[in-house]
$ cat entry.pdb   # PDB, C-alpha atoms
MODEL        1
ATOM      1  CA  MET A1337      32.982 106.665 133.179  1.00  0.00           C
ATOM      2  CA  ARG A1338      35.629 104.255 134.478  1.00  0.00           C
ATOM      3  CA  ILE A1339      34.285 101.083 136.081  1.00  0.00           C
ATOM      4  CA  THR A1340      36.415  98.343 137.608  1.00  0.00           C
ATOM      5  CA  ILE A1341      35.116  94.834 138.174  1.00  0.00           C
ATOM      6  CA  SER A1342      37.060  92.451 140.378  1.00  0.00           C
ATOM      7  CA  GLY A1343      36.479  89.133 142.114  1.00  0.00           C
ATOM      8  CA  PRO A1344      37.967  85.687 142.595  1.00  0.00           C
ATOM      9  CA  PRO A1345      38.271  83.169 139.730  1.00  0.00           C
ATOM     10  CA  GLY A1346      34.851  82.055 138.493  1.00  0.00           C
ATOM     11  CA  SER A1347      32.892  84.826 140.197  1.00  0.00           C
ATOM     12  CA  GLY A1348      31.465  86.190 136.940  1.00  0.00           C
ATOM     13  CA  THR A1349      33.533  89.332 136.509  1.00  0.00           C
ATOM     14  CA  THR A1350      33.974  88.806 132.778  1.00  0.00           C
ATOM     15  CA  SER A1351      30.255  88.151 132.244  1.00  0.00           C
ATOM     16  CA  LEU A1352      29.259  91.327 134.077  1.00  0.00           C
ATOM     17  CA  ALA A1353      31.983  93.345 132.344  1.00  0.00           C
ATOM     18  CA  ARG A1354      30.775  92.195 128.910  1.00  0.00           C
ATOM     19  CA  TYR A1355      27.157  92.925 129.834  1.00  0.00           C
ATOM     20  CA  LEU A1356      27.950  96.477 130.970  1.00  0.00           C
ATOM     21  CA  ALA A1357      30.341  97.176 128.095  1.00  0.00           C
ATOM     22  CA  GLY A1358      27.645  96.153 125.622  1.00  0.00           C
ATOM     23  CA  LYS A1359      24.879  98.104 127.329  1.00  0.00           C
ATOM     24  CA  TYR A1360      26.834 101.337 127.752  1.00  0.00           C
ATOM     25  CA  GLY A1361      29.135 101.117 124.725  1.00  0.00           C
ATOM     26  CA  LEU A1362      32.238 101.050 126.930  1.00  0.00           C
ATOM     27  CA  ASP A1363      35.613  99.620 125.967  1.00  0.00           C
ATOM     28  CA  LEU A1364      36.590  96.513 127.920  1.00  0.00           C
ATOM     29  CA  THR A1365      40.054  95.572 129.143  1.00  0.00           C
ATOM     30  CA  SER A1366      40.502  92.224 130.900  1.00  0.00           C
ATOM     31  CA  ALA A1367      43.626  91.463 132.942  1.00  0.00           C
ATOM     32  CA  GLY A1368      42.635  87.793 132.936  1.00  0.00           C
ATOM     33  CA  GLU A1369      42.626  87.678 129.154  1.00  0.00           C
ATOM     34  CA  VAL A1370      46.097  89.221 129.080  1.00  0.00           C
ATOM     35  CA  PHE A1371      47.268  86.601 131.612  1.00  0.00           C
ATOM     36  CA  ARG A1372      45.698  83.760 129.590  1.00  0.00           C
ATOM     37  CA  GLN A1373      47.314  85.032 126.392  1.00  0.00           C
ATOM     38  CA  LEU A1374      50.724  85.184 128.078  1.00  0.00           C
ATOM     39  CA  ALA A1375      50.246  81.627 129.385  1.00  0.00           C
ATOM     40  CA  ARG A1376      49.511  80.428 125.834  1.00  0.00           C
ATOM     41  CA  GLU A1377      52.520  82.331 124.485  1.00  0.00           C
ATOM     42  CA  HIS A1378      54.692  80.570 127.066  1.00  0.00           C
ATOM     43  CA  GLY A1379      53.131  77.176 126.221  1.00  0.00           C
ATOM     44  CA  MET A1380      51.709  76.769 129.741  1.00  0.00           C
ATOM     45  CA  ASP A1381      48.279  76.217 131.234  1.00  0.00           C
ATOM     46  CA  LEU A1382      47.028  78.786 133.754  1.00  0.00           C
ATOM     47  CA  ALA A1383      48.195  76.819 136.803  1.00  0.00           C
ATOM     48  CA  GLU A1384      51.716  76.407 135.400  1.00  0.00           C
ATOM     49  CA  PHE A1385      51.865  80.037 134.384  1.00  0.00           C
ATOM     50  CA  GLY A1386      50.613  81.076 137.841  1.00  0.00           C
ATOM     51  CA  ARG A1387      53.488  79.145 139.439  1.00  0.00           C
ATOM     52  CA  PHE A1388      55.860  80.746 136.937  1.00  0.00           C
ATOM     53  CA  ALA A1389      54.497  84.183 137.858  1.00  0.00           C
ATOM     54  CA  GLU A1390      55.065  83.414 141.561  1.00  0.00           C
ATOM     55  CA  ASN A1391      58.784  83.263 140.810  1.00  0.00           C
ATOM     56  CA  ASP A1392      58.885  86.051 138.240  1.00  0.00           C
ATOM     57  CA  PRO A1393      57.300  89.265 139.513  1.00  0.00           C
ATOM     58  CA  SER A1394      57.712  90.878 136.103  1.00  0.00           C
ATOM     59  CA  VAL A1395      54.672  88.950 134.797  1.00  0.00           C
ATOM     60  CA  ASP A1396      52.188  90.456 137.255  1.00  0.00           C
ATOM     61  CA  ARG A1397      53.889  93.831 137.281  1.00  0.00           C
ATOM     62  CA  MET A1398      53.673  94.028 133.475  1.00  0.00           C
ATOM     63  CA  ILE A1399      49.965  93.101 133.426  1.00  0.00           C
ATOM     64  CA  ASP A1400      49.125  95.431 136.306  1.00  0.00           C
ATOM     65  CA  ALA A1401      51.082  98.368 134.882  1.00  0.00           C
ATOM     66  CA  ARG A1402      49.398  97.921 131.501  1.00  0.00           C
ATOM     67  CA  GLN A1403      45.969  97.689 133.138  1.00  0.00           C
ATOM     68  CA  LYS A1404      46.672 100.864 135.125  1.00  0.00           C
ATOM     69  CA  GLU A1405      47.955 102.732 132.075  1.00  0.00           C
ATOM     70  CA  ILE A1406      44.945 101.791 129.949  1.00  0.00           C
ATOM     71  CA  GLY A1407      42.378 102.284 132.709  1.00  0.00           C
ATOM     72  CA  GLU A1408      43.587 105.628 133.962  1.00  0.00           C
ATOM     73  CA  GLY A1409      44.187 107.010 130.487  1.00  0.00           C
ATOM     74  CA  ALA A1410      40.897 106.000 128.881  1.00  0.00           C
ATOM     75  CA  GLY A1411      37.525 107.657 129.230  1.00  0.00           C
ATOM     76  CA  ASN A1412      34.646 105.250 128.841  1.00  0.00           C
ATOM     77  CA  ILE A1413      36.031 101.905 129.921  1.00  0.00           C
ATOM     78  CA  ILE A1414      35.506  98.849 132.056  1.00  0.00           C
ATOM     79  CA  ILE A1415      38.642  97.314 133.511  1.00  0.00           C
ATOM     80  CA  GLU A1416      38.101  93.733 134.646  1.00  0.00           C
ATOM     81  CA  GLY A1417      40.732  92.069 136.781  1.00  0.00           C
ATOM     82  CA  ARG A1418      41.480  90.847 140.252  1.00  0.00           C
ATOM     83  CA  LEU A1419      43.366  94.037 141.180  1.00  0.00           C
ATOM     84  CA  SER A1420      41.721  96.569 138.878  1.00  0.00           C
ATOM     85  CA  GLY A1421      39.754  98.190 141.720  1.00  0.00           C
ATOM     86  CA  ARG A1422      43.021  98.819 143.515  1.00  0.00           C
ATOM     87  CA  MET A1423      45.130  99.773 140.500  1.00  0.00           C
ATOM     88  CA  ILE A1424      42.836 102.278 138.772  1.00  0.00           C
ATOM     89  CA  GLU A1425      43.038 105.219 141.125  1.00  0.00           C
ATOM     90  CA  ASN A1426      40.641 107.420 139.153  1.00  0.00           C
ATOM     91  CA  ALA A1427      37.869 104.806 138.828  1.00  0.00           C
ATOM     92  CA  ASP A1428      34.341 106.153 139.178  1.00  0.00           C
ATOM     93  CA  LEU A1429      32.890 102.857 140.378  1.00  0.00           C
ATOM     94  CA  ARG A1430      34.685  99.835 141.879  1.00  0.00           C
ATOM     95  CA  ILE A1431      32.766  96.548 141.970  1.00  0.00           C
ATOM     96  CA  TRP A1432      33.707  93.268 143.686  1.00  0.00           C
ATOM     97  CA  LEU A1433      31.814  90.065 142.828  1.00  0.00           C
ATOM     98  CA  SER A1434      31.779  87.138 145.214  1.00  0.00           C
ATOM     99  CA  ALA A1435      30.525  83.557 145.136  1.00  0.00           C
ATOM    100  CA  SER A1436      31.306  80.419 147.122  1.00  0.00           C
ATOM    101  CA  LEU A1437      34.161  78.163 146.062  1.00  0.00           C
ATOM    102  CA  SER A1438      31.708  75.392 145.101  1.00  0.00           C
ATOM    103  CA  CYS A1439      29.698  77.754 142.889  1.00  0.00           C
ATOM    104  CA  ARG A1440      32.814  79.121 141.221  1.00  0.00           C
ATOM    105  CA  ALA A1441      34.278  75.633 140.715  1.00  0.00           C
ATOM    106  CA  LYS A1442      31.056  74.523 139.035  1.00  0.00           C
ATOM    107  CA  ARG A1443      31.225  77.481 136.660  1.00  0.00           C
ATOM    108  CA  ILE A1444      34.891  76.915 135.881  1.00  0.00           C
ATOM    109  CA  ALA A1445      34.288  73.189 135.320  1.00  0.00           C
ATOM    110  CA  GLY A1446      31.633  74.025 132.734  1.00  0.00           C
ATOM    111  CA  ARG A1447      33.663  76.780 131.113  1.00  0.00           C
ATOM    112  CA  ASP A1448      36.978  74.920 130.972  1.00  0.00           C
ATOM    113  CA  GLU A1449      35.556  71.419 130.401  1.00  0.00           C
ATOM    114  CA  MET A1450      36.924  69.786 133.558  1.00  0.00           C
ATOM    115  CA  ASP A1451      35.368  67.763 136.355  1.00  0.00           C
ATOM    116  CA  GLU A1452      34.017  69.706 139.312  1.00  0.00           C
ATOM    117  CA  GLU A1453      36.478  68.390 141.904  1.00  0.00           C
ATOM    118  CA  GLY A1454      39.402  69.130 139.603  1.00  0.00           C
ATOM    119  CA  ALA A1455      37.994  72.614 139.034  1.00  0.00           C
ATOM    120  CA  ARG A1456      37.641  73.137 142.805  1.00  0.00           C
ATOM    121  CA  VAL A1457      41.272  72.175 143.451  1.00  0.00           C
ATOM    122  CA  TYR A1458      42.466  74.210 140.472  1.00  0.00           C
ATOM    123  CA  THR A1459      40.448  77.267 141.577  1.00  0.00           C
ATOM    124  CA  LEU A1460      41.653  77.068 145.163  1.00  0.00           C
ATOM    125  CA  ASN A1461      45.285  76.697 144.046  1.00  0.00           C
ATOM    126  CA  ARG A1462      44.951  79.609 141.627  1.00  0.00           C
ATOM    127  CA  GLN A1463      43.308  81.760 144.264  1.00  0.00           C
ATOM    128  CA  ASN A1464      46.052  80.952 146.786  1.00  0.00           C
ATOM    129  CA  SER A1465      48.777  81.597 144.203  1.00  0.00           C
ATOM    130  CA  GLU A1466      47.322  84.997 143.362  1.00  0.00           C
ATOM    131  CA  ALA A1467      46.851  85.954 147.024  1.00  0.00           C
ATOM    132  CA  THR A1468      50.504  85.093 147.699  1.00  0.00           C
ATOM    133  CA  ARG A1469      51.735  87.102 144.727  1.00  0.00           C
ATOM    134  CA  TYR A1470      49.613  90.149 145.570  1.00  0.00           C
ATOM    135  CA  ARG A1471      50.791  90.089 149.176  1.00  0.00           C
ATOM    136  CA  ASN A1472      54.444  89.652 148.180  1.00  0.00           C
ATOM    137  CA  TYR A1473      54.499  92.097 145.273  1.00  0.00           C
ATOM    138  CA  TYR A1474      52.182  94.864 146.489  1.00  0.00           C
ATOM    139  CA  ASP A1475      51.455  94.149 150.177  1.00  0.00           C
ATOM    140  CA  ILE A1476      47.784  93.722 149.227  1.00  0.00           C
ATOM    141  CA  ASP A1477      45.439  91.522 151.243  1.00  0.00           C
ATOM    142  CA  ILE A1478      43.005  90.458 148.518  1.00  0.00           C
ATOM    143  CA  SER A1479      40.381  89.580 151.158  1.00  0.00           C
ATOM    144  CA  ASP A1480      40.183  93.262 152.225  1.00  0.00           C
ATOM    145  CA  LEU A1481      37.194  94.582 150.276  1.00  0.00           C
ATOM    146  CA  SER A1482      37.318  98.139 151.650  1.00  0.00           C
ATOM    147  CA  PRO A1483      38.450  99.714 148.316  1.00  0.00           C
ATOM    148  CA  TYR A1484      35.200  98.651 146.603  1.00  0.00           C
ATOM    149  CA  ASP A1485      32.070 100.768 146.272  1.00  0.00           C
ATOM    150  CA  ILE A1486      29.815  97.753 145.705  1.00  0.00           C
ATOM    151  CA  VAL A1487      30.243  94.125 146.782  1.00  0.00           C
ATOM    152  CA  LEU A1488      27.737  91.774 145.135  1.00  0.00           C
ATOM    153  CA  SER A1489      27.054  88.055 145.228  1.00  0.00           C
ATOM    154  CA  SER A1490      27.052  86.534 141.761  1.00  0.00           C
ATOM    155  CA  GLU A1491      25.821  83.355 143.413  1.00  0.00           C
ATOM    156  CA  THR A1492      22.660  85.115 144.536  1.00  0.00           C
ATOM    157  CA  PHE A1493      22.204  87.308 141.458  1.00  0.00           C
ATOM    158  CA  GLY A1494      22.547  86.400 137.800  1.00  0.00           C
ATOM    159  CA  VAL A1495      24.187  88.711 135.296  1.00  0.00           C
ATOM    160  CA  ASP A1496      20.930  90.545 134.453  1.00  0.00           C
ATOM    161  CA  ALA A1497      20.186  91.244 138.124  1.00  0.00           C
ATOM    162  CA  LEU A1498      23.801  92.268 138.757  1.00  0.00           C
ATOM    163  CA  GLY A1499      23.545  94.546 135.728  1.00  0.00           C
ATOM    164  CA  ALA A1500      20.332  96.107 137.074  1.00  0.00           C
ATOM    165  CA  ILE A1501      22.002  96.819 140.431  1.00  0.00           C
ATOM    166  CA  VAL A1502      25.004  98.389 138.709  1.00  0.00           C
ATOM    167  CA  ASP A1503      22.648 100.335 136.396  1.00  0.00           C
ATOM    168  CA  THR A1504      21.140 101.915 139.502  1.00  0.00           C
ATOM    169  CA  ALA A1505      24.585 102.790 140.856  1.00  0.00           C
ATOM    170  CA  ILE A1506      25.582 104.342 137.514  1.00  0.00           C
ATOM    171  CA  ALA A1507      22.362 106.387 137.443  1.00  0.00           C
ATOM    172  CA  CYS A1508      23.040 107.614 140.984  1.00  0.00           C
ATOM    173  CA  LEU A1509      26.576 108.607 140.058  1.00  0.00           C
ATOM    174  CA  ALA A1510      25.298 110.447 136.965  1.00  0.00           C
ATOM    175  CA  ARG A1511      22.771 112.397 139.075  1.00  0.00           C
ATOM    176  CA  GLN A1512      25.469 113.171 141.639  1.00  0.00           C
ATOM    177  CA  ASP A1513      27.804 114.492 138.904  1.00  0.00           C
ATOM    178  CA  LYS A1514      25.073 116.804 137.596  1.00  0.00           C
ATOM    179  CA  SER A1515      24.498 118.246 141.063  1.00  0.00           C
ATOM    180  CA  LEU A1516      28.168 119.166 141.547  1.00  0.00           C
TER     181      LEU A1516
ENDMDL
END
$ encode --input "entry.pdb" --output "structure tokens"
Amino acid sequence: MRITISGPPGSGTTSLARYLAGKYGLDLTSAGEVFRQLAREHGMDLAEFGRFAENDPSVDRMIDARQKEIGEGAGNIIIEGRLSGRMIENADLRIWLSASLSCRAKRIAGRDEMDEEGARVYTLNRQNSEATRYRNYYDIDISDLSPYDIVLSSETFGVDALGAIVDTAIACLARQDKSL
């Protein structure tokens, strides 16, 4: 099974991906972790590295190509990243998580030890930077959710409830496969 999990910064994609990977024994690849590692290697914070990536398409293209290569070549895997649902053409299940900017900023503030207003500004800037890059590099409108099989609110549902919903979808897909 190949599952992709996407959503804006702070929407809980990593939490859900870890939950599902643990429950089903799937490998996990995170585009965000690759991006964070590259930022550290370049001695930049995420915002600086995002601006750098805006002017150097090779950063995103490298991450996205690697994500695609790993995701399409592997069997039992979860690929977590903003564009994974669009990049992994042979995905069995594509999930998009959403939450309001205020909810996501609160989560990011707690995770990254920053004040909430700073996290809100940071999150909005990061989101805008990514949307610009995706539009410029791939002609993708990140607000178009039509590629996704399931769109869920991580503001409404916690990780256990999200997991239960996805469990049901996985069970349905498994039954469907058996009937083919």
$ resolve_selection --input "entry.pdb" --expression "the PyMOL selection byres ((chain A and resi 1360-1373) around 8)" --output "count of residues only"
24
$ resolve_selection --input "entry.pdb" --expression "the PyMOL selection byres ((chain A and resi 1483-1497) around 6)" --output "list of chain:residue names"
A:Leu1352, A:Arg1430, A:Ile1431, A:Trp1432, A:Leu1433, A:Ser1434, A:Ala1435, A:Leu1481, A:Ser1482, A:Leu1498, A:Gly1499, A:Ala1500
$ write_last_selection --input "entry.pdb" --atoms "C-alpha atoms" --output "short mmCIF file (atom, residue, chain, number, x, y, z; two decimals), keeping the file's coordinate frame"
data_model
loop_
_atom_site.label_atom_id
_atom_site.label_comp_id
_atom_site.auth_asym_id
_atom_site.auth_seq_id
_atom_site.Cartn_x
_atom_site.Cartn_y
_atom_site.Cartn_z
CA LEU A 1352 29.26 91.33 134.08
CA ARG A 1430 34.68 99.84 141.88
CA ILE A 1431 32.77 96.55 141.97
CA TRP A 1432 33.71 93.27 143.69
CA LEU A 1433 31.81 90.06 142.83
CA SER A 1434 31.78 87.14 145.21
CA ALA A 1435 30.52 83.56 145.14
CA LEU A 1481 37.19 94.58 150.28
CA SER A 1482 37.32 98.14 151.65
CA LEU A 1498 23.80 92.27 138.76
CA GLY A 1499 23.54 94.55 135.73
CA ALA A 1500 20.33 96.11 137.07
#
$ resolve_selection --input "entry.pdb" --expression "the PyMOL selection byres ((chain A and resi 1439) around 10)" --output "PyMOL selection string"
chain A and resi 1346-1347+1434-1438+1440-1445+1452+1456+1490-1491
$ atom_distance --input "entry.pdb" --atom1 "CA of Glu1384 (chain A)" --atom2 "CA of Arg1471 (chain A)"
19.4 Å
$ atom_distance --input "entry.pdb" --atom1 "CA of Pro1345 (chain A)" --atom2 "CA of Asn1426 (chain A)"
24.4 Å
$ residues_around --input "entry.pdb" --residues "Thr1468 (chain A)" --least-positions-apart "5" --cutoff "12 Å" --atoms "all atoms listed in the file" --output "VMD selection string"
chain A and resid 1386 to 1387 1389 to 1391 1393 1396 1461 to 1463 1473 to 1479
$ atom_distance --input "entry.pdb" --atom1 "CA of Ile1506 (chain A)" --atom2 "CA of Met1423 (chain A)"
20.3 Å
$ axis_aligned_box --input "entry.pdb" --around "region 1501-1504 of chain A" --padding-each-side "5 Å" --output "AutoDock Vina command-line options"
--center_x 23.1 --center_y 99.4 --center_z 138.4 --size_x 13.9 --size_y 15.1 --size_z 14.0
$ residues_near_point --input "entry.pdb" --point "(36.3, 97.7, 139.8)" --cutoff "6 Å" --atoms "all atoms listed in the file" --output "list in words"
Ile1339, Thr1340, Ile1341, Ser1342, Ser1420, Gly1421, Arg1430 and Ile1431 of chain A
$ closest_residue --input "entry.pdb" --among "A:Met1398, A:Asp1513, A:Arg1469, A:Ala1383" --to "Ala1455 (chain A)" --atoms "only C-alpha atoms"
A:Ala1383
$ closest_residue --input "entry.pdb" --among "A:Gly1446, A:Pro1344, A:Arg1422, A:Arg1338" --to "Thr1459 (chain A)" --atoms "all atoms listed in the file"
A:Pro1344
$ closest_residue --input "entry.pdb" --among "A:Leu1419, A:Leu1429, A:Ile1501, A:Met1450" --to "Ala1467 (chain A)" --atoms "all atoms listed in the file"
A:Leu1419
$ closest_residue --input "entry.pdb" --among "A:Asp1451, A:Val1457, A:His1378, A:Ala1505" --to "Val1395 (chain A)" --atoms "only C-alpha atoms"
A:His1378
$ decode --input "entry.pdb" --residues "region 1471-1496 of chain A" --atoms "N, CA, C and O atoms" --output "mmCIF file, in the first residue's frame"
data_model
loop_
_atom_site.group_PDB
_atom_site.id
_atom_site.type_symbol
_atom_site.label_atom_id
_atom_site.label_comp_id
_atom_site.auth_asym_id
_atom_site.auth_seq_id
_atom_site.Cartn_x
_atom_site.Cartn_y
_atom_site.Cartn_z
ATOM 1 N N ARG A 1471 3.486 26.948 -7.868
ATOM 2 C CA ARG A 1471 2.859 27.526 -9.053
ATOM 3 C C ARG A 1471 3.922 27.779 -10.135
ATOM 4 O O ARG A 1471 3.744 27.425 -11.295
ATOM 5 N N ASN A 1472 5.047 28.368 -9.724
ATOM 6 C CA ASN A 1472 6.099 28.701 -10.682
ATOM 7 C C ASN A 1472 6.811 27.473 -11.237
ATOM 8 O O ASN A 1472 7.135 27.422 -12.418
ATOM 9 N N TYR A 1473 7.090 26.503 -10.395
ATOM 10 C CA TYR A 1473 7.873 25.345 -10.822
ATOM 11 C C TYR A 1473 7.053 24.284 -11.526
ATOM 12 O O TYR A 1473 7.529 23.627 -12.434
ATOM 13 N N TYR A 1474 5.803 24.064 -11.067
ATOM 14 C CA TYR A 1474 5.013 22.940 -11.561
ATOM 15 C C TYR A 1474 3.634 23.335 -12.092
ATOM 16 O O TYR A 1474 2.871 22.462 -12.480
ATOM 17 N N ASP A 1475 3.297 24.613 -12.024
ATOM 18 C CA ASP A 1475 1.958 25.087 -12.396
ATOM 19 C C ASP A 1475 0.886 24.386 -11.558
ATOM 20 O O ASP A 1475 -0.157 23.973 -12.058
ATOM 21 N N ILE A 1476 1.181 24.233 -10.256
ATOM 22 C CA ILE A 1476 0.251 23.606 -9.320
ATOM 23 C C ILE A 1476 -0.391 24.678 -8.451
ATOM 24 O O ILE A 1476 0.306 25.512 -7.870
ATOM 25 N N ASP A 1477 -1.710 24.646 -8.371
ATOM 26 C CA ASP A 1477 -2.449 25.487 -7.430
ATOM 27 C C ASP A 1477 -2.676 24.624 -6.191
ATOM 28 O O ASP A 1477 -3.514 23.720 -6.200
ATOM 29 N N ILE A 1478 -1.915 24.901 -5.136
ATOM 30 C CA ILE A 1478 -1.940 24.065 -3.936
ATOM 31 C C ILE A 1478 -3.317 24.070 -3.259
ATOM 32 O O ILE A 1478 -3.644 23.152 -2.510
ATOM 33 N N SER A 1479 -4.150 25.070 -3.564
ATOM 34 C CA SER A 1479 -5.483 25.121 -2.955
ATOM 35 C C SER A 1479 -6.480 24.207 -3.664
ATOM 36 O O SER A 1479 -7.579 23.971 -3.169
ATOM 37 N N ASP A 1480 -6.106 23.641 -4.819
ATOM 38 C CA ASP A 1480 -6.952 22.698 -5.543
ATOM 39 C C ASP A 1480 -6.792 21.324 -4.901
ATOM 40 O O ASP A 1480 -5.736 20.696 -5.005
ATOM 41 N N LEU A 1481 -7.820 20.861 -4.222
ATOM 42 C CA LEU A 1481 -7.743 19.594 -3.491
ATOM 43 C C LEU A 1481 -8.313 18.408 -4.278
ATOM 44 O O LEU A 1481 -8.456 17.318 -3.735
ATOM 45 N N SER A 1482 -8.588 18.603 -5.549
ATOM 46 C CA SER A 1482 -9.201 17.539 -6.356
ATOM 47 C C SER A 1482 -8.351 16.266 -6.481
ATOM 48 O O SER A 1482 -8.932 15.189 -6.660
ATOM 49 N N PRO A 1483 -7.022 16.302 -6.368
ATOM 50 C CA PRO A 1483 -6.262 15.044 -6.467
ATOM 51 C C PRO A 1483 -6.419 14.105 -5.260
ATOM 52 O O PRO A 1483 -6.011 12.953 -5.318
ATOM 53 N N TYR A 1484 -7.018 14.590 -4.173
ATOM 54 C CA TYR A 1484 -7.035 13.831 -2.923
ATOM 55 C C TYR A 1484 -8.294 12.988 -2.791
ATOM 56 O O TYR A 1484 -9.390 13.412 -3.135
ATOM 57 N N ASP A 1485 -8.100 11.780 -2.253
ATOM 58 C CA ASP A 1485 -9.216 10.863 -2.019
ATOM 59 C C ASP A 1485 -9.987 11.247 -0.768
ATOM 60 O O ASP A 1485 -11.201 11.059 -0.701
ATOM 61 N N ILE A 1486 -9.255 11.754 0.237
ATOM 62 C CA ILE A 1486 -9.856 12.121 1.518
ATOM 63 C C ILE A 1486 -9.301 13.474 1.945
ATOM 64 O O ILE A 1486 -8.086 13.680 1.915
ATOM 65 N N VAL A 1487 -10.184 14.371 2.342
ATOM 66 C CA VAL A 1487 -9.797 15.662 2.917
ATOM 67 C C VAL A 1487 -10.382 15.692 4.323
ATOM 68 O O VAL A 1487 -11.596 15.562 4.501
ATOM 69 N N LEU A 1488 -9.508 15.837 5.322
ATOM 70 C CA LEU A 1488 -9.923 15.764 6.724
ATOM 71 C C LEU A 1488 -9.461 16.990 7.498
ATOM 72 O O LEU A 1488 -8.380 17.531 7.231
ATOM 73 N N SER A 1489 -10.239 17.376 8.480
ATOM 74 C CA SER A 1489 -9.880 18.479 9.359
ATOM 75 C C SER A 1489 -9.152 17.952 10.591
ATOM 76 O O SER A 1489 -9.742 17.254 11.418
ATOM 77 N N SER A 1490 -7.882 18.321 10.709
ATOM 78 C CA SER A 1490 -7.133 17.930 11.905
ATOM 79 C C SER A 1490 -7.427 18.884 13.058
ATOM 80 O O SER A 1490 -6.970 18.663 14.174
ATOM 81 N N GLU A 1491 -8.202 19.906 12.777
ATOM 82 C CA GLU A 1491 -8.671 20.803 13.835
ATOM 83 C C GLU A 1491 -9.874 20.177 14.537
ATOM 84 O O GLU A 1491 -10.029 20.285 15.746
ATOM 85 N N THR A 1492 -10.692 19.502 13.762
ATOM 86 C CA THR A 1492 -11.876 18.833 14.291
ATOM 87 C C THR A 1492 -11.515 17.498 14.934
ATOM 88 O O THR A 1492 -12.021 17.155 15.999
ATOM 89 N N PHE A 1493 -10.633 16.754 14.267
ATOM 90 C CA PHE A 1493 -10.282 15.402 14.712
ATOM 91 C C PHE A 1493 -8.838 15.337 15.177
ATOM 92 O O PHE A 1493 -7.948 15.850 14.503
ATOM 93 N N GLY A 1494 -8.609 14.668 16.289
ATOM 94 C CA GLY A 1494 -7.257 14.403 16.757
ATOM 95 C C GLY A 1494 -6.657 13.245 15.976
ATOM 96 O O GLY A 1494 -7.322 12.614 15.145
ATOM 97 N N VAL A 1495 -5.405 12.943 16.260
ATOM 98 C CA VAL A 1495 -4.692 11.932 15.485
ATOM 99 C C VAL A 1495 -5.357 10.557 15.599
ATOM 100 O O VAL A 1495 -5.413 9.812 14.603
ATOM 101 N N ASP A 1496 -5.886 10.188 16.754
ATOM 102 C CA ASP A 1496 -6.544 8.883 16.883
ATOM 103 C C ASP A 1496 -7.808 8.812 16.031
ATOM 104 O O ASP A 1496 -8.061 7.793 15.377
#
